[in-house]
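Trainee: Pasting input-v4.cif here (mmCIF, C-alpha atoms and all ligand atoms):
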data_start
#
loop_
_atom_site.label_atom_id
_atom_site.label_comp_id
_atom_site.auth_asym_id
_atom_site.auth_seq_id
_atom_site.Cartn_x
_atom_site.Cartn_y
_atom_site.Cartn_z
CA MET A 117 83.33 89.07 139.07
CA PRO A 118 87.13 89.05 139.31
CA THR A 119 88.72 86.07 137.60
CA ASN A 120 90.34 83.25 139.56
CA THR A 121 94.04 83.86 138.87
CA ALA A 122 94.88 80.12 139.03
CA ALA A 123 92.85 79.80 135.83
CA LEU A 124 95.31 81.96 133.88
CA ASP A 125 98.01 79.33 133.37
CA ASN A 126 97.01 77.85 130.04
CA PHE A 127 96.94 80.95 127.90
CA TRP A 128 100.50 81.72 126.82
CA MET A 129 100.08 85.42 126.23
CA PRO A 130 101.64 87.22 123.27
CA PHE A 131 104.12 90.07 123.75
CA THR A 132 103.53 89.85 127.50
CA ALA A 133 105.63 89.32 130.61
CA ASN A 134 103.46 86.30 131.40
CA ARG A 135 104.59 85.64 134.97
CA GLN A 136 104.46 89.29 135.99
CA PHE A 137 101.04 89.69 134.40
CA LYS A 138 99.55 86.56 135.93
CA ALA A 139 100.71 87.66 139.38
CA ALA A 140 98.70 90.89 138.97
CA PRO A 141 96.36 90.51 135.99
CA ARG A 142 94.61 93.32 134.17
CA LEU A 143 91.48 91.89 132.62
CA LEU A 144 89.06 93.67 130.34
CA ALA A 145 85.65 92.04 130.36
CA GLU A 146 83.33 94.32 128.38
CA ALA A 147 83.47 97.35 126.12
CA GLU A 148 81.17 100.01 124.76
CA GLY A 149 81.89 103.26 122.96
CA MET A 150 85.03 104.85 124.37
CA TYR A 151 85.17 102.60 127.44
CA TYR A 152 86.25 99.18 128.55
CA ARG A 153 84.97 97.65 131.75
CA SER A 154 87.48 95.66 133.76
CA ASP A 155 86.50 92.34 135.30
CA ASP A 156 86.36 94.04 138.70
CA GLY A 157 83.77 96.43 137.32
CA ARG A 158 85.79 99.61 136.70
CA ARG A 159 85.26 101.83 133.66
CA ILE A 160 88.46 102.32 131.69
CA LEU A 161 88.76 105.00 129.03
CA ASP A 162 90.28 103.51 125.89
CA GLY A 163 93.24 105.71 124.96
CA THR A 164 94.58 103.23 122.41
CA ALA A 165 91.59 102.03 120.36
CA GLY A 166 92.37 98.57 121.69
CA LEU A 167 95.59 97.98 119.82
CA TRP A 168 95.22 100.77 117.25
CA CYS A 169 92.23 99.04 115.70
CA VAL A 170 88.85 100.01 117.20
CA ASN A 171 88.54 103.25 115.24
CA ALA A 172 84.73 103.46 115.43
CA GLY A 173 84.63 102.72 119.16
CA HIS A 174 83.50 99.55 120.88
CA GLY A 175 80.39 97.44 120.76
CA ARG A 176 79.04 98.69 117.43
CA ARG A 177 75.71 96.94 116.97
CA GLU A 178 75.75 97.16 113.19
CA ILE A 179 78.93 95.13 113.04
CA ALA A 180 77.58 92.53 115.45
CA GLU A 181 74.41 92.22 113.43
CA ALA A 182 76.23 91.98 110.10
CA VAL A 183 78.50 89.27 111.51
CA GLY A 184 75.56 87.30 112.93
CA GLU A 185 73.63 87.57 109.70
CA GLN A 186 76.62 86.48 107.64
CA LEU A 187 77.22 83.48 109.90
CA ARG A 188 73.65 82.40 109.31
CA THR A 189 73.84 82.98 105.53
CA LEU A 190 77.29 81.69 104.62
CA ASP A 191 79.63 80.91 107.48
CA TYR A 192 82.63 79.97 105.40
CA ALA A 193 83.53 79.30 101.81
CA PRO A 194 86.94 79.04 100.20
CA THR A 195 88.42 81.63 97.87
CA PHE A 196 90.86 79.29 96.10
CA GLN A 197 89.46 78.69 92.60
CA MET A 198 86.06 79.55 94.14
CA GLY A 199 84.45 82.72 95.35
CA HIS A 200 81.59 84.22 97.29
CA PRO A 201 79.85 87.50 96.55
CA ILE A 202 80.66 89.38 99.73
CA ALA A 203 84.44 89.14 99.21
CA PHE A 204 84.07 90.78 95.80
CA ARG A 205 81.68 93.39 97.17
CA PHE A 206 83.98 94.25 100.04
CA ALA A 207 87.00 94.52 97.74
CA GLU A 208 84.95 96.83 95.52
CA ARG A 209 84.01 98.99 98.51
CA LEU A 210 87.64 99.14 99.61
CA GLY A 211 88.63 100.03 96.06
CA GLU A 212 86.34 103.07 96.28
CA ILE A 213 88.19 104.50 99.28
CA ALA A 214 91.66 103.19 98.35
CA PRO A 215 94.51 105.62 97.77
CA ALA A 216 94.34 106.70 94.11
CA GLY A 217 95.02 103.81 91.79
CA LEU A 218 95.71 101.26 94.52
CA ASP A 219 92.48 99.38 94.09
CA ARG A 220 93.56 95.80 93.46
CA ILE A 221 93.09 94.10 96.79
CA PHE A 222 94.51 90.88 98.26
CA PHE A 223 92.92 89.73 101.52
CA THR A 224 94.86 88.44 104.52
CA ASN A 225 94.02 87.96 108.22
CA SER A 226 96.45 90.26 110.00
CA GLY A 227 99.05 92.94 109.59
CA SER A 228 101.87 90.41 109.67
CA GLU A 229 100.27 88.48 106.85
CA SER A 230 99.69 91.66 104.88
CA VAL A 231 103.38 92.53 105.14
CA ASP A 232 104.60 89.09 104.08
CA THR A 233 102.06 89.11 101.25
CA ALA A 234 103.23 92.53 100.05
CA LEU A 235 106.88 91.42 100.05
CA LYS A 236 106.02 88.33 98.02
CA ILE A 237 103.92 90.33 95.56
CA ALA A 238 106.84 92.73 95.11
CA VAL A 239 109.24 89.94 94.17
CA ALA A 240 106.65 88.28 91.94
CA TYR A 241 106.03 91.60 90.21
CA GLN A 242 109.71 92.19 89.53
CA ARG A 243 110.05 88.70 88.09
CA ALA A 244 106.97 89.21 85.93
CA ILE A 245 108.47 92.32 84.34
CA GLY A 246 111.74 90.57 83.63
CA GLN A 247 113.59 91.79 86.73
CA GLY A 248 114.06 88.40 88.34
CA THR A 249 117.34 89.41 90.01
CA ARG A 250 115.43 91.82 92.25
CA THR A 251 114.85 89.76 95.36
CA ARG A 252 116.31 92.01 98.03
CA PHE A 253 114.20 94.08 100.46
CA ILE A 254 115.05 97.31 102.22
CA GLY A 255 113.38 98.02 105.56
CA ARG A 256 114.19 100.62 108.19
CA GLU A 257 115.62 100.60 111.68
CA ARG A 258 112.88 100.96 114.30
CA GLY A 259 110.34 99.74 111.78
CA TYR A 260 107.65 97.33 112.96
CA HIS A 261 106.11 95.11 110.35
CA GLY A 262 104.63 92.32 112.42
CA VAL A 263 106.08 89.00 113.41
CA GLY A 264 106.28 86.79 110.31
CA PHE A 265 109.78 85.94 109.14
CA GLY A 266 109.40 88.53 106.38
CA GLY A 267 108.14 91.15 108.79
CA ILE A 268 110.87 90.69 111.38
CA SER A 269 113.47 90.68 108.61
CA VAL A 270 112.48 94.05 107.18
CA GLY A 271 111.54 95.30 110.64
CA GLY A 272 114.11 97.03 112.74
CA LEU A 273 113.41 96.05 116.33
CA VAL A 274 116.24 94.21 117.99
CA ASN A 275 114.06 92.25 120.41
CA ASN A 276 111.96 90.88 117.57
CA ARG A 277 115.06 89.75 115.69
CA ARG A 278 117.75 88.66 118.10
CA VAL A 279 116.35 85.21 118.89
CA PHE A 280 115.12 84.34 115.41
CA PRO A 281 116.71 83.78 112.02
CA THR A 282 115.90 86.48 109.48
CA LEU A 283 115.82 86.50 105.69
CA THR A 284 119.10 87.05 103.93
CA GLY A 285 119.22 89.81 101.38
CA VAL A 286 117.63 92.46 103.56
CA ASP A 287 119.16 95.79 104.46
CA HIS A 288 117.90 98.76 106.43
CA LEU A 289 117.64 102.50 106.11
CA ARG A 290 118.56 104.40 109.24
CA HIS A 291 115.61 105.45 111.37
CA THR A 292 114.46 109.06 111.38
CA HIS A 293 114.09 109.61 115.13
CA ASP A 294 116.26 112.57 116.06
CA PRO A 295 115.07 114.20 119.30
CA ALA A 296 118.27 116.23 119.60
CA ARG A 297 117.18 118.29 116.58
CA ASN A 298 113.44 117.69 116.40
CA ALA A 299 112.11 117.44 119.99
CA PHE A 300 108.65 118.98 120.54
CA SER A 301 108.13 119.66 116.82
CA PRO A 302 104.64 121.14 116.53
CA ASP A 303 104.36 119.72 113.03
CA LEU A 304 106.37 117.21 111.02
CA PRO A 305 110.04 117.30 112.05
CA GLU A 306 112.11 119.87 110.17
CA HIS A 307 115.26 117.78 110.07
CA GLY A 308 115.94 114.45 108.45
CA ALA A 309 114.63 114.43 104.86
CA ASP A 310 118.20 113.63 103.82
CA LEU A 311 117.96 110.29 105.64
CA ALA A 312 115.97 109.08 102.64
CA ASP A 313 119.25 109.24 100.74
CA ASP A 314 120.15 106.05 102.59
CA LEU A 315 118.20 104.30 99.86
CA GLU A 316 120.59 105.74 97.30
CA ARG A 317 123.51 104.55 99.44
CA LEU A 318 122.07 101.02 99.63
CA VAL A 319 121.54 101.04 95.87
CA GLY A 320 125.21 101.93 95.58
CA LEU A 321 126.12 99.09 97.92
CA HIS A 322 123.92 96.29 96.55
CA GLY A 323 123.00 97.38 93.01
CA ALA A 324 119.50 98.51 92.09
CA GLU A 325 119.06 95.37 90.01
CA THR A 326 119.02 93.28 93.23
CA ILE A 327 116.37 95.29 95.10
CA ALA A 328 112.67 94.47 94.79
CA ALA A 329 111.10 96.84 97.29
CA VAL A 330 111.56 99.25 100.15
CA ILE A 331 109.03 99.11 102.98
CA VAL A 332 108.39 101.78 105.62
CA GLU A 333 105.59 102.85 107.90
CA PRO A 334 104.68 106.38 106.76
CA MET A 335 104.37 107.09 110.49
CA ALA A 336 105.99 104.49 112.71
CA GLY A 337 103.46 103.68 115.41
CA SER A 338 104.51 100.68 117.45
CA THR A 339 108.09 101.85 117.89
CA GLY A 340 107.05 105.09 119.50
CA VAL A 341 105.09 107.38 117.15
CA LEU A 342 107.91 108.54 114.89
CA LEU A 343 106.76 111.10 112.36
CA PRO A 344 108.37 111.37 108.93
CA PRO A 345 110.58 114.45 108.58
CA LYS A 346 109.30 117.03 106.11
CA GLY A 347 110.14 115.92 102.58
CA TYR A 348 111.41 112.47 103.63
CA LEU A 349 108.70 110.32 102.09
CA GLU A 350 108.73 112.36 98.88
CA ARG A 351 112.45 111.79 98.56
CA LEU A 352 112.12 108.08 99.24
CA ARG A 353 109.47 107.89 96.52
CA GLU A 354 111.68 109.72 94.07
CA ILE A 355 114.73 107.51 94.69
CA ALA A 356 112.68 104.30 94.59
CA THR A 357 111.09 105.29 91.27
CA ARG A 358 114.42 106.26 89.77
CA HIS A 359 115.82 102.81 90.51
CA GLY A 360 112.79 100.66 89.69
CA ILE A 361 112.26 99.76 93.35
CA LEU A 362 108.68 99.31 94.57
CA LEU A 363 107.66 101.49 97.51
CA ILE A 364 105.49 99.76 100.13
CA PHE A 365 103.75 101.76 102.84
CA ASP A 366 102.82 99.71 105.86
CA GLU A 367 99.56 101.37 106.89
CA VAL A 368 98.42 98.74 109.36
CA ILE A 369 98.12 101.54 111.93
CA THR A 370 97.66 104.62 109.76
CA GLY A 371 95.03 103.12 107.45
CA PHE A 372 91.35 103.94 107.98
CA GLY A 373 91.49 107.46 109.27
CA ARG A 374 94.06 107.49 112.05
CA LEU A 375 95.89 110.56 110.66
CA GLY A 376 92.79 112.44 109.47
CA THR A 377 92.74 111.12 105.91
CA PRO A 378 91.54 107.65 104.91
CA PHE A 379 95.19 106.60 104.41
CA ALA A 380 98.50 108.24 105.33
CA THR A 381 99.30 108.24 101.65
CA GLU A 382 96.86 111.14 101.25
CA LYS A 383 98.03 112.93 104.38
CA PHE A 384 101.59 113.03 103.10
CA GLY A 385 100.79 113.33 99.40
CA VAL A 386 103.02 110.44 98.42
CA ARG A 387 101.77 107.49 96.40
CA PRO A 388 103.38 104.14 97.07
CA ASP A 389 102.96 101.06 94.86
CA ILE A 390 101.58 98.81 97.59
CA VAL A 391 99.83 99.57 100.89
CA THR A 392 99.42 97.03 103.69
CA THR A 393 96.47 97.28 106.07
CA ALA A 394 94.70 95.33 108.83
CA LYS A 395 93.34 96.32 112.29
CA ALA A 396 90.70 99.02 111.70
CA ILE A 397 89.57 97.43 108.44
CA THR A 398 86.95 95.59 110.54
CA ASN A 399 87.11 97.95 113.53
CA GLY A 400 89.10 95.17 115.19
CA ALA A 401 85.97 93.03 115.47
CA VAL A 402 87.10 90.16 113.24
CA PRO A 403 90.72 89.48 112.23
CA MET A 404 91.42 90.68 108.70
CA GLY A 405 94.04 92.41 106.60
CA ALA A 406 94.22 93.68 103.04
CA VAL A 407 97.04 94.55 100.67
CA PHE A 408 96.20 97.36 98.26
CA CYS A 409 98.17 97.13 95.02
CA SER A 410 98.53 99.50 92.12
CA ARG A 411 97.04 98.39 88.84
CA ASP A 412 100.56 98.29 87.36
CA VAL A 413 101.66 95.78 89.97
CA HIS A 414 98.51 93.72 89.64
CA ASP A 415 98.30 93.81 85.86
CA ALA A 416 101.94 92.80 85.43
CA LEU A 417 101.06 89.52 87.10
CA MET A 418 97.92 88.94 85.02
CA GLN A 419 99.91 87.74 82.02
CA GLY A 420 100.59 84.25 80.72
CA PRO A 421 98.05 81.55 80.05
CA GLU A 422 94.67 82.25 81.57
CA SER A 423 94.57 78.81 83.16
CA ALA A 424 97.71 79.59 85.19
CA ILE A 425 97.46 80.63 88.82
CA GLU A 426 99.22 84.00 88.72
CA LEU A 427 100.31 84.20 92.37
CA PHE A 428 100.97 81.08 94.39
CA HIS A 429 99.93 82.63 97.64
CA GLY A 430 96.84 82.89 99.83
CA TYR A 431 95.29 81.92 103.13
CA THR A 432 92.43 79.58 104.00
CA TYR A 433 90.69 82.64 105.40
CA SER A 434 91.58 85.18 102.67
CA GLY A 435 88.34 87.10 102.15
CA HIS A 436 86.56 85.24 104.95
CA PRO A 437 82.84 86.02 104.56
CA VAL A 438 82.39 86.93 108.23
CA ALA A 439 85.36 89.31 108.17
CA CYS A 440 84.04 90.86 104.95
CA ALA A 441 80.65 91.38 106.60
CA ALA A 442 82.31 93.05 109.58
CA GLY A 443 84.37 95.17 107.18
CA MET A 444 81.35 96.30 105.16
CA ALA A 445 79.48 97.32 108.30
CA THR A 446 82.62 99.11 109.51
CA LEU A 447 82.94 101.07 106.27
CA ASP A 448 79.25 102.05 106.57
CA ILE A 449 79.89 103.47 110.03
CA TYR A 450 83.06 105.24 108.94
CA ALA A 451 81.17 106.85 106.04
CA ARG A 452 78.05 107.80 107.99
CA GLU A 453 79.94 109.30 110.92
CA GLY A 454 82.73 110.85 108.86
CA LEU A 455 85.33 108.97 110.87
CA LEU A 456 87.93 108.67 108.13
CA THR A 457 88.49 112.41 108.33
CA ARG A 458 87.43 113.12 111.92
CA ALA A 459 91.01 113.06 113.19
CA ALA A 460 91.71 116.08 110.98
CA GLU A 461 88.91 118.03 112.69
CA LEU A 462 90.25 117.20 116.14
CA GLU A 463 93.95 117.42 115.35
CA ALA A 464 94.50 120.99 116.54
CA TYR A 465 92.65 120.39 119.82
CA TRP A 466 94.41 117.06 120.31
CA LYS A 467 97.86 118.55 119.76
CA GLU A 468 97.23 121.46 122.09
CA ALA A 469 95.98 119.13 124.79
CA VAL A 470 98.89 116.74 124.52
CA PHE A 471 101.49 119.50 124.21
CA SER A 472 100.14 121.06 127.43
CA LEU A 473 102.11 118.31 129.19
CA ARG A 474 105.44 119.46 127.80
CA ASP A 475 106.72 121.14 130.97
CA LEU A 476 106.34 118.08 133.18
CA PRO A 477 109.76 117.13 134.51
CA ALA A 478 110.32 113.70 132.99
CA ILE A 479 109.09 114.47 129.48
CA THR A 480 111.80 114.76 126.83
CA ASP A 481 109.69 114.92 123.67
CA ILE A 482 106.09 115.03 122.48
CA ARG A 483 104.99 114.12 118.97
CA ALA A 484 101.45 114.30 117.64
CA ILE A 485 99.63 113.97 114.35
CA GLY A 486 96.02 113.15 113.47
CA LEU A 487 94.70 111.34 116.54
CA VAL A 488 98.04 109.85 117.57
CA ALA A 489 100.54 111.07 120.11
CA GLY A 490 103.86 109.87 121.45
CA ILE A 491 105.11 111.14 124.79
CA GLU A 492 108.73 110.28 125.44
CA LEU A 493 109.96 110.09 129.03
CA ALA A 494 113.51 110.22 130.33
CA SER A 495 114.61 106.70 131.25
CA ARG A 496 115.50 105.97 134.85
CA GLU A 497 119.14 105.22 135.47
CA GLY A 498 119.66 101.47 134.95
CA ALA A 499 115.94 100.76 134.52
CA PRO A 500 114.87 101.67 130.99
CA GLY A 501 111.14 101.31 130.43
CA SER A 502 110.27 101.28 134.14
CA ARG A 503 109.00 104.86 134.27
CA ALA A 504 106.55 104.44 131.40
CA TYR A 505 105.47 101.06 132.76
CA ASP A 506 104.64 102.73 136.10
CA VAL A 507 102.58 105.32 134.25
CA PHE A 508 100.83 102.54 132.34
CA THR A 509 99.86 100.57 135.47
CA ASP A 510 98.91 103.72 137.38
CA CYS A 511 96.69 104.88 134.49
CA PHE A 512 95.06 101.48 134.34
CA GLN A 513 94.27 101.64 138.05
CA ARG A 514 92.81 105.12 137.64
CA GLY A 515 90.78 104.15 134.58
CA LEU A 516 92.75 104.91 131.42
CA LEU A 517 94.27 102.49 128.93
CA ILE A 518 97.48 103.72 127.33
CA ARG A 519 100.22 101.87 125.49
CA VAL A 520 103.91 102.04 126.23
CA THR A 521 106.97 100.97 124.31
CA GLY A 522 110.19 101.40 126.24
CA ASP A 523 109.80 104.82 127.84
CA ILE A 524 107.46 106.15 125.18
CA ILE A 525 103.73 106.47 125.82
CA ALA A 526 101.57 106.06 122.72
CA LEU A 527 98.02 107.38 122.52
CA SER A 528 95.57 106.58 119.73
CA PRO A 529 91.98 106.82 120.97
CA PRO A 530 89.01 105.63 118.91
CA LEU A 531 88.16 108.26 116.30
CA ILE A 532 84.79 108.86 117.98
CA VAL A 533 86.58 110.51 120.93
CA GLU A 534 85.06 113.75 122.25
CA LYS A 535 87.01 116.78 123.47
CA ALA A 536 85.99 116.14 127.08
CA GLU A 537 87.48 112.65 126.86
CA ILE A 538 90.70 114.07 125.45
CA ASP A 539 90.81 116.40 128.47
CA THR A 540 90.25 113.49 130.85
CA MET A 541 93.02 111.53 129.20
CA VAL A 542 95.50 114.37 129.40
CA GLU A 543 94.68 115.23 133.01
CA MET A 544 95.10 111.61 134.07
CA LEU A 545 98.44 111.52 132.28
CA ARG A 546 99.49 114.75 133.97
CA GLU A 547 98.91 113.14 137.38
CA THR A 548 100.45 109.78 136.58
CA ILE A 549 103.52 111.17 134.80
CA THR A 550 104.07 113.60 137.68
CA ALA A 551 103.78 110.72 140.14
CA ALA A 552 106.39 108.73 138.18
CA ALA A 553 108.82 111.64 137.78
N1 LIG A 601 102.63 96.48 110.63
C1 LIG A 601 102.47 97.51 111.46
C2 LIG A 601 102.86 98.89 111.02
C3 LIG A 601 101.93 97.31 112.72
O1 LIG A 601 101.79 98.35 113.57
C4 LIG A 601 101.53 96.02 113.10
C5 LIG A 601 100.94 95.77 114.43
O2 LIG A 601 100.89 96.61 115.28
C6 LIG A 601 101.73 94.97 112.19
C7 LIG A 601 102.28 95.24 110.95
C8 LIG A 601 101.37 93.57 112.56
O3 LIG A 601 100.01 93.40 112.61
P1 LIG A 601 99.39 92.09 113.31
O4 LIG A 601 99.69 92.20 114.76
O5 LIG A 601 97.93 92.20 112.96
O6 LIG A 601 100.03 90.90 112.67
#
Is it possible to give me this structure as structure tokens?
Mentor:
Amino acid sequence: MPTNTAALDNFWMPFTANRQFKAAPRLLAEAEGMYYRSDDGRRILDGTAGLWCVNAGHGRREIAEAVGEQLRTLDYAPTFQMGHPIAFRFAERLGEIAPAGLDRIFFTNSGSESVDTALKIAVAYQRAIGQGTRTRFIGRERGYHGVGFGGISVGGLVNNRRVFPTLTGVDHLRHTHDPARNAFSPDLPEHGADLADDLERLVGLHGAETIAAVIVEPMAGSTGVLLPPKGYLERLREIATRHGILLIFDEVITGFGRLGTPFATEKFGVRPDIVTTAKAITNGAVPMGAVFCSRDVHDALMQGPESAIELFHGYTYSGHPVACAAGMATLDIYAREGLLTRAAELEAYWKEAVFSLRDLPAITDIRAIGLVAGIELASREGAPGSRAYDVFTDCFQRGLLIRVTGDIIALSPPLIVEKAEIDTMVEMLRETITAAA
């Protein structure tokens, strides 16, 4: 049954053109497997895993049952000076699949909270090792790290920053997006490793002794699927280490199998000191995030009198039992169905399918890795973003959910996707992009 549009007024929607949306709403009422069902009864192929989070596909019974059972057993209990078994068990399970050595886990409720938590841990760590002057953060242009004041400060998106105050003592590396040299790279971009030297430049400008951490997305998702140039992350790691700066990877999108390895850290062979996650940690079913810290970082804070609270930080819902139950069931599915590495098996097929669009008139670049793709369209004169938005609405009408940012289309289907569904997605894009050319 279509919803009565007059009933849409109360919900102030996030990151949405509210008035435009409410004049022509797109409502998703049900979901199962690879498909949503709209409230007017149409099947819509999920090309975005919801919002990069439903990696095991929709409507997983095991998760629903685990959540129901947990609600009946222990609905809520605090984790401040208290504990409950499932939070410890879930942290242990996460520790087993964590990037090597990053198995000390702080629970949050979202990606934004994970980022702000990681930044605070970085400063607390530096202070604990006698480097109390290190309070500065380095982010990157075109980085997206959520919407907390910490996240928008290290983030590099003008629209997220221009209206709001940001932290002082934050500087930014230049972004790595360089279509003039790297367009249609079949693999990681060849050019741009030297952009990591920006960190060296910022050390020269501010002094290493003022910098606590540098934070980047190993692959920037929300700002348009920007892949790291070959050698870039390695160089960043090397410079950060040399200057005693912690390296934080924001893996809110790349964590839990999106690139074909459990974490991007393994895909790129670079080990950061802290990894932020959220989204697919519970398959999107219950809000949760987790910050994975190295033992060095964690252990440095476990000093001083044992009665002292080592980190004055935490959330009412850190380690929420229901989220932990959803997370445990999610990890069971990931393990049983091999989903944390499935993107690697499909990567070649995925790339070939997506790159088959390259000769369409309006396309200026295609980027793909794991089960992610970015398709960049030429902007219309005086109307940036309008072409991709047309493709988005047209796809939705025809039965495909995609995501757009500016004139870039981002695809990130659930990791259960089959080849036939990839074909459907690409054919629908071929028609809609052609129609918007
Ligand atoms: N960090 C990255 C890399 C993200 O992509 C996102 C969300 O897309 C966030 C942080 C923020 O996560 P949340 O919306 O759960 O706060």
Trainee: Can you work out which one of A:Gly285, A:Gly259, A:Pro295, A:Gly498 has the shortest atom-to-atom distance to ligand LIG 601 (chain A), counting all atoms listed in the file?
Mentor: A:Gly259
Trainee: May I have a table of the residues of chain A lying at most 7 Å from ligand LIG 601 (chain A), giving each one's closest pair of atoms and their distance in Å to one decimal, counting all atoms listed in the file, ordered by chain and ascending residue number, as a Markdown table?
Mentor:
| residue | atom | partner | partner_atom | distance |
| --- | --- | --- | --- | --- |
| A:Ser226 | CA | A:LIG601 | O5 | 3.8 |
| A:Gly227 | CA | A:LIG601 | O3 | 3.2 |
| A:Ser228 | CA | A:LIG601 | O6 | 3.6 |
| A:Glu229 | CA | A:LIG601 | O6 | 6.3 |
| A:Val231 | CA | A:LIG601 | C7 | 6.5 |
| A:Tyr260 | CA | A:LIG601 | C1 | 5.4 |
| A:His261 | CA | A:LIG601 | N1 | 3.8 |
| A:Gly262 | CA | A:LIG601 | C8 | 3.5 |
| A:Val263 | CA | A:LIG601 | O6 | 6.4 |
| A:Glu333 | CA | A:LIG601 | C2 | 5.7 |
| A:Ala336 | CA | A:LIG601 | C2 | 6.6 |
| A:Gly337 | CA | A:LIG601 | O1 | 5.9 |
| A:Ser338 | CA | A:LIG601 | O1 | 5.3 |
| A:Asp366 | CA | A:LIG601 | C2 | 5.2 |
| A:Glu367 | CA | A:LIG601 | C2 | 5.8 |
| A:Val368 | CA | A:LIG601 | C1 | 4.7 |
| A:Ile369 | CA | A:LIG601 | O1 | 5.1 |
| A:Ala394 | CA | A:LIG601 | O5 | 6.1 |
| A:Lys395 | CA | A:LIG601 | O5 | 6.2 |
Trainee: Which residues, written as a JSON list (two decimals) with C-alpha atoms, keeping the file's coordinate frame, have at least one atom at most 12 Å from A:Ile268, with all atoms listed in the file counted and residues fewer than 5 positions away on the same chain left out?
Mentor:
[["chain", "number", "residue", "atom", "x", "y", "z"],
["A", 228, "SER", "CA", 101.87, 90.41, 109.67],
["A", 229, "GLU", "CA", 100.27, 88.48, 106.85],
["A", 231, "VAL", "CA", 103.38, 92.53, 105.14],
["A", 232, "ASP", "CA", 104.60, 89.09, 104.08],
["A", 253, "PHE", "CA", 114.20, 94.08, 100.46],
["A", 255, "GLY", "CA", 113.38, 98.02, 105.56],
["A", 256, "ARG", "CA", 114.19, 100.62, 108.19],
["A", 257, "GLU", "CA", 115.62, 100.60, 111.68],
["A", 258, "ARG", "CA", 112.88, 100.96, 114.30],
["A", 259, "GLY", "CA", 110.34, 99.74, 111.78],
["A", 260, "TYR", "CA", 107.65, 97.33, 112.96],
["A", 261, "HIS", "CA", 106.11, 95.11, 110.35],
["A", 262, "GLY", "CA", 104.63, 92.32, 112.42],
["A", 263, "VAL", "CA", 106.08, 89.00, 113.41],
["A", 273, "LEU", "CA", 113.41, 96.05, 116.33],
["A", 274, "VAL", "CA", 116.24, 94.21, 117.99],
["A", 275, "ASN", "CA", 114.06, 92.25, 120.41],
["A", 276, "ASN", "CA", 111.96, 90.88, 117.57],
["A", 277, "ARG", "CA", 115.06, 89.75, 115.69],
["A", 278, "ARG", "CA", 117.75, 88.66, 118.10],
["A", 279, "VAL", "CA", 116.35, 85.21, 118.89],
["A", 280, "PHE", "CA", 115.12, 84.34, 115.41],
["A", 281, "PRO", "CA", 116.71, 83.78, 112.02],
["A", 282, "THR", "CA", 115.90, 86.48, 109.48],
["A", 283, "LEU", "CA", 115.82, 86.50, 105.69],
["A", 284, "THR", "CA", 119.10, 87.05, 103.93],
["A", 286, "VAL", "CA", 117.63, 92.46, 103.56],
["A", 287, "ASP", "CA", 119.16, 95.79, 104.46],
["A", 288, "HIS", "CA", 117.90, 98.76, 106.43]]
Trainee: Calculated over only C-alpha atoms, which of the candidates A:Tyr151, A:Ile532, A:Val386, A:Glu178 has the smallest distance to A:Glu453?
Mentor: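 Looking only at the distances to A:Glu453, the closest residue turns out to be A:Ile532.
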Trainee: From the options A:Arg519, A:Ala133, A:Gly175, A:Arg514, which residue's atoms come nearest to A:Arg159, counting only C-alpha atoms?
Mentor: A:Arg514
Trainee: Select all residues near (96.5, 96.1, 97.0) (cut-off 10 Å, inclusive, file coordinates), counting all atoms listed in the file, and output them as a list in words.
Mentor: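 With a cut-off of 10 Å, the residues come to Ala207, Leu210, Gly211, Ala214, Pro215, Gly217, Leu218, Asp219, Arg220, Ile221, Phe222, Phe223, Ser230, Thr233, Ala234, Ile237, Asp389, Ile390, Val391, Thr392, Thr393, Ala406, Val407, Phe408, Cys409, Ser410, Arg411, Val413 and His414 of chain A.
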Trainee: Quick check, in Å to one decimal: how far apart do atom CA of A:Glu181 and atom CA of A:Asn399 lie?
Mentor: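 Answer for the atom CA of A:Glu181 to atom CA of A:Asn399 separation: 13.9 Å.
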Trainee: Within 12 Å of (106.2, 100.2, 129.0) (file coordinates; only C-alpha atoms), which protein or nucleic acid residues are there? I'd like them as a CSV table (one decimal) with C-alpha atoms, in the frame of the given file.
Mentor:
chain,number,residue,atom,x,y,z
A,131,PHE,CA,104.1,90.1,123.8
A,132,THR,CA,103.5,89.8,127.5
A,133,ALA,CA,105.6,89.3,130.6
A,338,SER,CA,104.5,100.7,117.4
A,339,THR,CA,108.1,101.8,117.9
A,340,GLY,CA,107.0,105.1,119.5
A,491,ILE,CA,105.1,111.1,124.8
A,492,GLU,CA,108.7,110.3,125.4
A,493,LEU,CA,110.0,110.1,129.0
A,495,SER,CA,114.6,106.7,131.2
A,499,ALA,CA,115.9,100.8,134.5
A,500,PRO,CA,114.9,101.7,131.0
A,501,GLY,CA,111.1,101.3,130.4
A,502,SER,CA,110.3,101.3,134.1
A,503,ARG,CA,109.0,104.9,134.3
A,504,ALA,CA,106.6,104.4,131.4
A,505,TYR,CA,105.5,101.1,132.8
A,506,ASP,CA,104.6,102.7,136.1
A,507,VAL,CA,102.6,105.3,134.2
A,508,PHE,CA,100.8,102.5,132.3
A,509,THR,CA,99.9,100.6,135.5
A,510,ASP,CA,98.9,103.7,137.4
A,511,CYS,CA,96.7,104.9,134.5
A,518,ILE,CA,97.5,103.7,127.3
A,519,ARG,CA,100.2,101.9,125.5
A,520,VAL,CA,103.9,102.0,126.2
A,521,THR,CA,107.0,101.0,124.3
A,522,GLY,CA,110.2,101.4,126.2
A,523,ASP,CA,109.8,104.8,127.8
A,524,ILE,CA,107.5,106.2,125.2
A,525,ILE,CA,103.7,106.5,125.8
A,526,ALA,CA,101.6,106.1,122.7
